[in-house]
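Enquirer: For reference, the structure I am asking about is given below.
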Amino acid sequence: MILRPGDRAPDLSLPDQHGSVITLAEATERSALVLAFVPFAFSPICGDELAALDERQTRMRQAEEAVSVLVVSVDSKYTLAAWSQQTGTDVLLGSDFWPHGAAARAFGVFDPHHGVAERGVFVISPAGTIVSGRQVARTETRNFSADFDAALSSL
């Protein structure tokens, strides 16, 4: 079951595309977090969403808004490093490769039949609680405007 507003966000540790380990507790320490799960790197819809999130993150930084972005997929950190390099993104990418899908499972957005994360997105407050959470079909490209609005309102 997908986590709902008011639920405590699990404190997960994931390797990122740079080889560092990131934790959700650290990511939300000084800012709200928009956490987007994607099925696979290099897929067309995931690429479009990454570009949209990268643009939003850039605008947030320019406005000095305390909102961070983390995109998580079941791909390895090496695949995510290649995707990051190819797209030129500045968004932090988390690898949910091993234990396979553990982060997506913790948030209730893992598809065990296909071994991928569904398109879930969560806004996590600096206090570590879920402000909003939703899931869309894998074939649907998400608009993240309401997610960033929710993140800003949680500050």
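Starting from 1 in every chain, residues are counted up; chains themselves are A, B, ... following the order of the structure tokens, and ligands are numbered from 1 as listed.
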Which residues are close to Phe110 in chain A, i.e. within 10 Å by only C-alpha atoms, leaving aside same-chain residues fewer than 4 positions away? Reply as a list in words.
Expert: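 With the cut-off at 10 Å, the set is Met1, Ile2, Phe37, Pro39, Val74, His100, Gly101, Ala102, Ala103, Ala104, Arg105, Ala106, His114, Gly115, Val116, Ala117, Glu118, Arg119 and Gly120 of chain A.
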Enquirer: What's around Arg142 in chain A at 12 Å? Count only C-alpha atoms, leave out sequence neighbours fewer than 6 positions away in its own chain, and write the answer as an MDAnalysis selection string.
Expert: chainID A and resid 36:38 45:53 118:121 134:136
Enquirer: Considering only C-alpha atoms, can you say which of A:Val71, A:Ala81, A:Ala63, A:Leu14 comes closest to Phe97 in chain A?
Expert: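 Counting only C-alpha atoms, the residue closest to Phe97 in chain A is A:Leu14.
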Enquirer: Select from chain A everything DSSP, run on the backbone, classes as strand (DSSP E), then give the selection as a VMD selection string.
Expert: chain A and resid 13 to 15 21 to 23 32 to 37 67 to 73 92 to 95 110 to 111 116 to 117 119 to 124 130 to 136
Enquirer: Between CA of Leu152 in chain A and CA of Thr58 in chain A, what is the spacing in Å?
Expert: 14.7 Å
Enquirer: Counting only C-alpha atoms, figure out which residue out of A:Phe40, A:Ser73, A:Val123, A:Asp96 gets nearest to Ser145 in chain A.
Expert: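 Residue with the minimum atom-to-atom distance to Ser145 in chain A: A:Val123.
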Enquirer: Find the residues near Thr28 in chain A: any atom within 12 Å, counting only C-alpha atoms, skip ones fewer than 4 places away on the same chain, and give them as a list in words.
Expert: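 Once the nearby chain positions are removed, what remains is Ala9, Pro10, Asp11, Leu12, Ile22, Thr23, Leu24, Ala32, Leu33, Val34, Leu35, Ala66, Val67, Ser68, Val69, Leu70, Val123, Ile124, Ser125, Pro126, Ala127, Gly128, Thr129, Ile130, Ala151, Ser154 and Leu155 of chain A.
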Enquirer: Between A:Glu64, A:Asp54, A:Val109, A:Gln17, which one has atoms that come closest to Thr89 in chain A, using only C-alpha atoms?
Expert: A:Asp54
Enquirer: Between CA of Pro44 in chain A and CA of Ala150 in chain A, what is the distance in Å, rounded to a tenth?
Expert: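 Interatomic distance here is 26.3 Å.
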Enquirer: Using only C-alpha atoms, which of the listed residues (A:Ser76, A:Glu65, A:Val21, A:Glu55) sits closest to Gly88 in chain A?
Expert: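 Between A:Ser76, A:Glu65, A:Val21, A:Glu55, the residue approaching Gly88 in chain A most closely is A:Glu55.
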Enquirer: Run DSSP on the backbone of this structure and report the residues of range 1-154 of chain A it assigns to helix (DSSP H, G or I), as an MDAnalysis selection string.
Expert: chainID A and resid 24:27 44:62 77:87 102:107 145:153
Enquirer: Closest to Ala25 in chain A among A:Gln57, A:Arg8, A:Ala41, A:Gln86, using only C-alpha atoms?
Expert: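 That would be A:Arg8, the residue with the smallest distance to Ala25 in chain A.
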Enquirer: Can you work out the spacing between CA of Gln85 in chain A and CA of Asp149 in chain A in Å, to one decimal?
Expert: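 Atom-to-atom, CA of Gln85 in chain A and CA of Asp149 in chain A are spaced 28.6 Å apart.
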Enquirer: For each of A:Ser20, A:Gln62, A:Ser95, A:Ser132, take the minimum atom-to-atom distance to Trp83 in chain A, counting only C-alpha atoms, then give the residue where this is smallest.
Expert: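 Going through A:Ser20, A:Gln62, A:Ser95, A:Ser132 one by one, the smallest distance to Trp83 in chain A is for A:Ser95.
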